[in-house]
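Raw query_21.txt, compact mmCIF, C-alpha atoms:
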# COMPACT_ATOMS: atom_id res chain seq x y z
CA MET A 1 5.11 -25.40 12.94
CA ASN A 2 2.97 -22.70 11.36
CA GLY A 3 0.34 -24.21 9.06
CA THR A 4 1.35 -21.91 6.19
CA GLN A 5 4.93 -23.19 6.25
CA SER A 6 4.31 -26.92 5.81
CA ILE A 7 1.77 -29.52 4.78
CA ASP A 8 1.45 -32.12 7.53
CA THR A 9 1.82 -35.24 5.39
CA PRO A 10 4.99 -37.26 4.77
CA TRP A 11 4.82 -37.43 0.97
CA GLY A 12 6.63 -35.45 -1.69
CA MET A 13 7.65 -31.84 -1.37
CA SER A 14 5.94 -28.63 -0.29
CA VAL A 15 7.39 -25.25 -1.25
CA PHE A 16 6.41 -21.65 -0.67
CA GLY A 17 6.43 -19.02 -3.40
CA ALA A 18 5.79 -15.30 -3.17
CA ALA A 19 5.76 -12.32 -5.49
CA SER A 20 4.78 -8.68 -5.49
CA VAL A 21 3.65 -6.34 -8.25
CA ASP A 22 3.91 -2.54 -8.18
CA GLY A 23 1.27 -0.19 -9.50
CA ALA A 24 1.13 3.59 -9.78
CA PRO A 25 -1.43 4.92 -7.27
CA ASP A 26 -4.56 6.35 -8.85
CA LEU A 27 -6.69 6.67 -5.72
CA ALA A 28 -6.16 8.45 -2.40
CA ARG A 29 -8.15 8.18 0.81
CA LEU A 30 -8.03 11.26 3.01
CA ARG A 31 -8.88 10.66 6.66
CA VAL A 32 -9.88 13.87 8.39
CA ALA A 33 -12.19 14.90 11.20
CA ILE A 34 -13.87 17.96 12.63
CA ALA A 35 -14.09 18.34 16.41
CA GLN A 36 -15.78 21.22 18.20
CA THR A 37 -16.12 21.84 21.96
CA ARG A 38 -18.97 23.87 23.42
CA GLN A 39 -20.42 24.30 26.89
CA GLN A 40 -23.77 22.83 25.92
CA PRO A 41 -24.29 19.50 24.12
CA GLY A 42 -26.83 20.92 21.71
CA GLU A 43 -24.50 23.74 20.75
CA ALA A 44 -21.64 21.29 20.16
CA PHE A 45 -23.88 19.18 17.90
CA GLU A 46 -25.08 22.23 15.99
CA VAL A 47 -21.68 23.74 15.25
CA THR A 48 -20.19 20.36 14.27
CA ARG A 49 -23.11 19.56 12.01
CA GLY A 50 -22.65 22.94 10.36
CA GLY A 51 -18.98 22.13 9.81
CA VAL A 52 -19.88 18.80 8.24
CA ASN A 53 -22.21 20.53 5.78
CA GLN A 54 -19.56 23.11 4.95
CA ILE A 55 -16.94 20.44 4.27
CA ARG A 56 -19.36 18.55 2.01
CA GLU A 57 -20.04 21.73 0.05
CA VAL A 58 -16.31 22.29 -0.42
CA LEU A 59 -15.90 18.73 -1.68
CA ARG A 60 -18.81 19.10 -4.10
CA GLY A 61 -17.08 22.22 -5.41
CA HIS A 62 -14.12 20.00 -6.27
CA GLY A 63 -16.40 17.60 -8.13
CA ILE A 64 -16.25 14.96 -5.39
CA SER A 65 -19.64 13.29 -5.09
CA ASP A 66 -21.30 12.46 -1.78
CA THR A 67 -20.87 8.75 -2.54
CA ALA A 68 -17.09 9.22 -2.41
CA VAL A 69 -17.32 10.60 1.14
CA SER A 70 -17.95 8.44 4.19
CA THR A 71 -18.94 10.31 7.34
CA SER A 72 -19.18 8.85 10.81
CA ARG A 73 -22.02 9.65 13.18
CA LEU A 74 -21.56 12.66 15.38
CA ASN A 75 -19.83 11.51 18.56
CA LEU A 76 -20.21 13.45 21.80
CA LYS A 77 -18.03 13.22 24.90
CA SER A 78 -17.08 15.33 27.89
CA SER A 79 -13.79 17.17 27.56
CA TRP A 80 -11.54 17.83 30.54
CA ALA A 81 -8.19 19.53 31.19
CA TYR A 82 -5.88 17.93 33.73
CA GLY A 83 -3.41 19.88 35.81
CA ASN A 84 -3.35 20.63 39.50
CA GLU A 85 -7.06 20.03 39.36
CA ARG A 86 -9.43 18.65 36.76
CA LYS A 87 -11.28 21.35 34.79
CA PHE A 88 -14.37 20.76 32.69
CA LEU A 89 -13.89 22.28 29.20
CA GLY A 90 -17.24 21.41 27.70
CA TYR A 91 -18.74 18.85 25.37
CA GLU A 92 -16.68 17.77 22.38
CA CYS A 93 -18.53 16.66 19.27
CA THR A 94 -16.58 14.87 16.53
CA ALA A 95 -17.36 13.74 12.99
CA SER A 96 -14.82 11.80 10.90
CA PHE A 97 -14.52 11.68 7.11
CA VAL A 98 -12.95 9.26 4.66
CA ILE A 99 -12.69 11.01 1.28
CA GLU A 100 -11.86 9.03 -1.84
CA LEU A 101 -10.04 11.18 -4.37
CA ARG A 102 -9.21 10.02 -7.90
CA GLU A 103 -7.62 13.23 -9.13
CA LEU A 104 -4.33 12.94 -7.27
CA ASP A 105 -3.06 16.19 -8.76
CA HIS A 106 -5.71 17.96 -6.66
CA LEU A 107 -4.81 16.21 -3.42
CA GLU A 108 -3.00 19.10 -1.77
CA THR A 109 -5.63 21.65 -2.81
CA VAL A 110 -8.50 19.50 -1.56
CA LEU A 111 -6.76 18.87 1.75
CA VAL A 112 -6.05 22.56 2.30
CA ASP A 113 -9.62 23.54 1.43
CA VAL A 114 -11.08 20.88 3.71
CA VAL A 115 -8.95 22.11 6.62
CA GLU A 116 -9.95 25.69 5.93
CA ALA A 117 -13.59 24.57 5.88
CA GLY A 118 -13.30 23.31 9.45
CA ALA A 119 -11.57 19.93 9.51
CA ASN A 120 -9.14 20.36 12.40
CA GLN A 121 -7.80 16.80 12.54
CA VAL A 122 -5.86 15.14 9.70
CA ASP A 123 -5.35 11.44 10.42
CA GLY A 124 -3.48 10.62 7.23
CA VAL A 125 -3.57 9.93 3.51
CA GLU A 126 -3.55 6.40 2.07
CA PHE A 127 -2.72 5.67 -1.56
CA ASP A 128 -4.26 2.77 -3.48
CA VAL A 129 -4.87 1.43 -6.97
CA ARG A 130 -8.27 0.79 -8.52
CA ALA A 131 -6.93 -2.14 -10.55
CA LYS A 132 -5.91 -4.07 -7.43
CA LYS A 133 -7.75 -7.22 -8.55
CA GLU A 134 -5.69 -7.35 -11.76
CA LEU A 135 -2.45 -6.67 -9.87
CA ARG A 136 -3.31 -9.40 -7.37
CA ALA A 137 -3.90 -11.87 -10.21
CA ARG A 138 -0.47 -11.05 -11.68
CA ALA A 139 1.18 -11.44 -8.26
CA ARG A 140 -0.51 -14.82 -7.73
CA THR A 141 0.64 -16.07 -11.12
CA ALA A 142 4.19 -14.96 -10.35
CA ALA A 143 4.02 -16.58 -6.89
CA VAL A 144 3.10 -19.93 -8.46
CA ALA A 145 6.01 -19.60 -10.92
CA ALA A 146 8.36 -18.82 -8.02
CA ALA A 147 7.20 -21.90 -6.13
CA GLN A 148 7.61 -24.11 -9.22
CA GLU A 149 11.12 -22.79 -9.85
CA LYS A 150 12.14 -23.44 -6.26
CA ALA A 151 10.66 -26.95 -6.32
CA ALA A 152 12.54 -27.78 -9.55
CA LEU A 153 15.84 -26.71 -7.98
CA TYR A 154 15.24 -28.85 -4.88
CA ALA A 155 14.23 -31.84 -6.98
CA GLU A 156 17.32 -31.56 -9.17
CA ALA A 157 19.57 -31.28 -6.12
CA ALA A 158 17.92 -34.36 -4.58
CA GLY A 159 18.17 -36.39 -7.78
CA VAL A 160 14.41 -36.79 -8.27
CA ARG A 161 11.79 -35.44 -10.64
CA LEU A 162 8.71 -33.44 -9.86
CA GLY A 163 5.40 -35.21 -10.20
CA PRO A 164 1.94 -33.61 -10.45
CA VAL A 165 0.82 -30.79 -8.18
CA ILE A 166 -1.43 -32.34 -5.54
CA HIS A 167 -1.96 -29.46 -3.08
CA ILE A 168 -2.24 -25.67 -3.42
CA LYS A 169 -2.77 -23.39 -0.43
CA ASP A 170 -3.20 -19.64 -0.69
CA VAL A 171 -1.35 -17.52 1.86
CA ASP A 172 -3.20 -14.51 3.24
CA SER A 173 -1.60 -11.30 1.99
CA ASP A 174 -1.53 -9.68 5.45
CA GLN A 175 0.20 -12.72 6.89
CA LEU A 176 2.52 -12.71 3.89
CA GLN A 177 3.58 -9.14 4.59
CA ASN A 178 4.39 -9.91 8.22
CA THR A 179 5.91 -13.40 7.85
CA TYR A 180 7.32 -13.87 4.37
CA ARG A 181 8.72 -10.47 3.44
CA SER A 182 12.20 -11.98 3.01
CA HIS A 183 10.90 -14.56 0.50
CA SER A 184 9.20 -12.15 -1.87
CA SER A 185 10.38 -11.87 -5.45
CA GLY A 186 9.36 -9.59 -8.29
CA GLY A 187 8.76 -5.86 -8.47
CA GLY A 188 9.82 -4.35 -5.22
CA ALA A 189 9.63 -5.06 -1.50
CA GLY A 190 6.94 -4.48 1.00
CA GLY A 191 3.33 -5.50 1.42
CA GLU A 192 0.07 -4.29 0.04
CA GLY A 193 -0.71 -0.71 0.90
CA ASP A 194 2.87 0.38 1.67
CA LEU A 195 3.06 4.14 1.38
CA THR A 196 6.18 4.01 -0.79
CA PRO A 197 6.39 7.23 -2.85
CA GLY A 198 5.13 6.68 -6.35
CA LYS A 199 3.90 3.11 -6.01
CA VAL A 200 1.55 0.71 -4.29
CA THR A 201 2.77 -2.87 -3.88
CA VAL A 202 0.37 -5.81 -4.05
CA SER A 203 1.72 -9.16 -2.81
CA ALA A 204 0.64 -12.79 -3.05
CA GLY A 205 1.92 -16.06 -1.68
CA VAL A 206 1.17 -19.71 -2.26
CA LEU A 207 2.17 -23.06 -0.76
CA ILE A 208 2.29 -25.86 -3.35
CA GLY A 209 2.69 -29.58 -2.75
CA PHE A 210 4.31 -31.74 -5.43
CA SER A 211 4.55 -35.48 -5.66
CA LEU A 212 8.02 -36.84 -6.44
CA ILE A 213 9.24 -39.38 -8.96
CA GLY A 214 12.49 -41.25 -8.44
CA GLY A 215 15.34 -40.16 -10.65
Would you mind writing the file's structure down as structure tokens?
Amino acid sequence: MNGTQSIDTPWGMSVFGAASVDGAPDLARLRVAIAQTRQQPGEAFEVTRGGVNQIREVLRGHGISDTAVSTSRLNLKSSWAYGNERKFLGYECTASFVIELRELDHLETVLVDVVEAGANQVDGVEFDVRAKKELRARARTAAVAAAQEKAALYAEAAGVRLGPVIHIKDVDSDQLQNTYRSHSSGGGAGGEGDLTPGKVTVSAGVLIGFSLIGG
């Protein structure tokens, strides 16, 4: 049995509790890239580097600091077309960006301007919340309450009383999203980072062991 579903000792009772808390997104991460193909490697590097500088200038014009922009190293590879015969197209140089944007009202404008500045690949937009630590704390508190409520119901049905808590095990949020989605309670469904319009959901789960006292 999966180690997050049981505690391998014969005493008492172990129960799982989960909860999720929704927050309005106040941060977006834009994942874009610029890729240019030229016949000579040096030319491919030069034109891509120029595009990187142009994109950074556009972002500065929007008030986005360099620290909010992560850029990968320039990557160079041979580019080929495949048909009846393989044809060499040139050398493709690529640079990827992750842009953190806090003014969500400007998201569309920034994305359009970045594309016009030379970014010819848009890999997606991820929404997040800056107060994730606080949301996680609320979800964990609610997960403990859910586990305690479940344990009380089981104890009442079995004609016993709950004793002290003697074991607490945190459940990884990624594992929670994949394994315990059906158990979650509280504000909304889904796991952390779901791209649900208008909200970001932060989840938490906990496995609690209780001792039992005869009724």
Handout entry: Neighbour list for Phe45 (chain A) as an MDAnalysis selection string, cut-off 9 Å, only C-alpha atoms, skip fewer than 3 positions in-chain
Key = chainID A and resid 36 38 40:42 48:50 74:76 92:94
Listed atoms of region 120-138 of chain A boxed axis-aligned with 3 Å per side, centre + edges as AutoDock Vina command-line options:
--center_x -4.8 --center_y 4.2 --center_z 0.4 --size_x 14.7 --size_y 38.2 --size_z 30.3
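The shortest atom-to-atom distance to Gln54 (chain A), with only C-alpha atoms taken into account, belongs to A:Val115 out of A:Val165, A:Leu212, A:Val115, A:Asp170.
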Practice task
Could you please determine the separation between CA of Lys169 (chain A) and CA of Gln148 (chain A) in Å, to one decimal place?
Solution key: 13.6 Å
Practice task
For region 134-139 of chain A, please output as a list in words all residues within 7 Å (counting only C-alpha atoms; exclusion window: fewer than 4 positions along the same chain).
Solution key: Ala19, Ser20, Val21, Ala143, Val202, Ser203 and Ala204 of chain A
Practice task
Measuring atom to atom with all atoms listed in the file, identify which of A:Lys87, A:Arg102, A:Arg29, A:Arg161 is nearest to Glu126 (chain A).
Solution key: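 That would be A:Arg29, the residue with the smallest distance to Glu126 (chain A).
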Problem - Exercise: Asp128 (chain A) partners within 8 Å, all atoms listed in the file, chain neighbours under 3 positions left out, as a list in words - result: Pro25, Asp26, Leu27, Ala28, Arg29, Gly193 and Val200 of chain A
Residue subset to file, keeping C-alpha atoms, as a JSON list (two decimals), in the frame of the given file:
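Final output, saved to result.json:
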[["chain", "number", "residue", "atom", "x", "y", "z"],
["A", 25, "PRO", "CA", -1.43, 4.92, -7.27],
["A", 26, "ASP", "CA", -4.56, 6.35, -8.85],
["A", 27, "LEU", "CA", -6.69, 6.67, -5.72],
["A", 28, "ALA", "CA", -6.16, 8.45, -2.40],
["A", 29, "ARG", "CA", -8.15, 8.18, 0.81],
["A", 193, "GLY", "CA", -0.71, -0.71, 0.90],
["A", 200, "VAL", "CA", 1.55, 0.71, -4.29]]
Completion exercise
A straight line from CA of Arg56 (chain A) to CA of Glu116 (chain A) spans 12.4 Å
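Here CA of Gly124 (chain A) stands at a distance of 19.5 Å from CA of Arg73 (chain A).
Proximity of A:Leu30, A:Asp113, A:Gly214, A:Val160 to Glu57 (chain A), computed with only C-alpha atoms, is greatest for A:Asp113.
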Problem - Polymer residues at most 10 Å from (12.2, -33.1, -8.4) by only C-alpha atoms, as a list in words - result: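 Protein and nucleic acid residues near the point are Gly12, Met13, Lys150, Ala151, Ala152, Leu153, Tyr154, Ala155, Glu156, Ala157, Ala158, Gly159, Val160, Arg161, Leu162, Gly163, Phe210, Ser211, Leu212, Ile213, Gly214 and Gly215 of chain A.
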Exercise for the section: Identify which of the residues A:Ile34, A:Ala24, A:Ile55, A:Val206 lies closest to Ala145 (chain A), counting all atoms listed in the file when measuring atom-to-atom distances. Expected result: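 Ranking A:Ile34, A:Ala24, A:Ile55, A:Val206 by distance to Ala145 (chain A), first place goes to A:Val206.
When all atoms listed in the file are used to measure the gap to His62 (chain A), the shortest distance among A:His106, A:Arg86, A:Lys77, A:Arg31 belongs to A:His106.
Checking A:Ile166, A:Ala131, A:Leu89, A:Val58 one by one against Gln39 (chain A), counting all atoms listed in the file, you find the shortest gap at A:Leu89.
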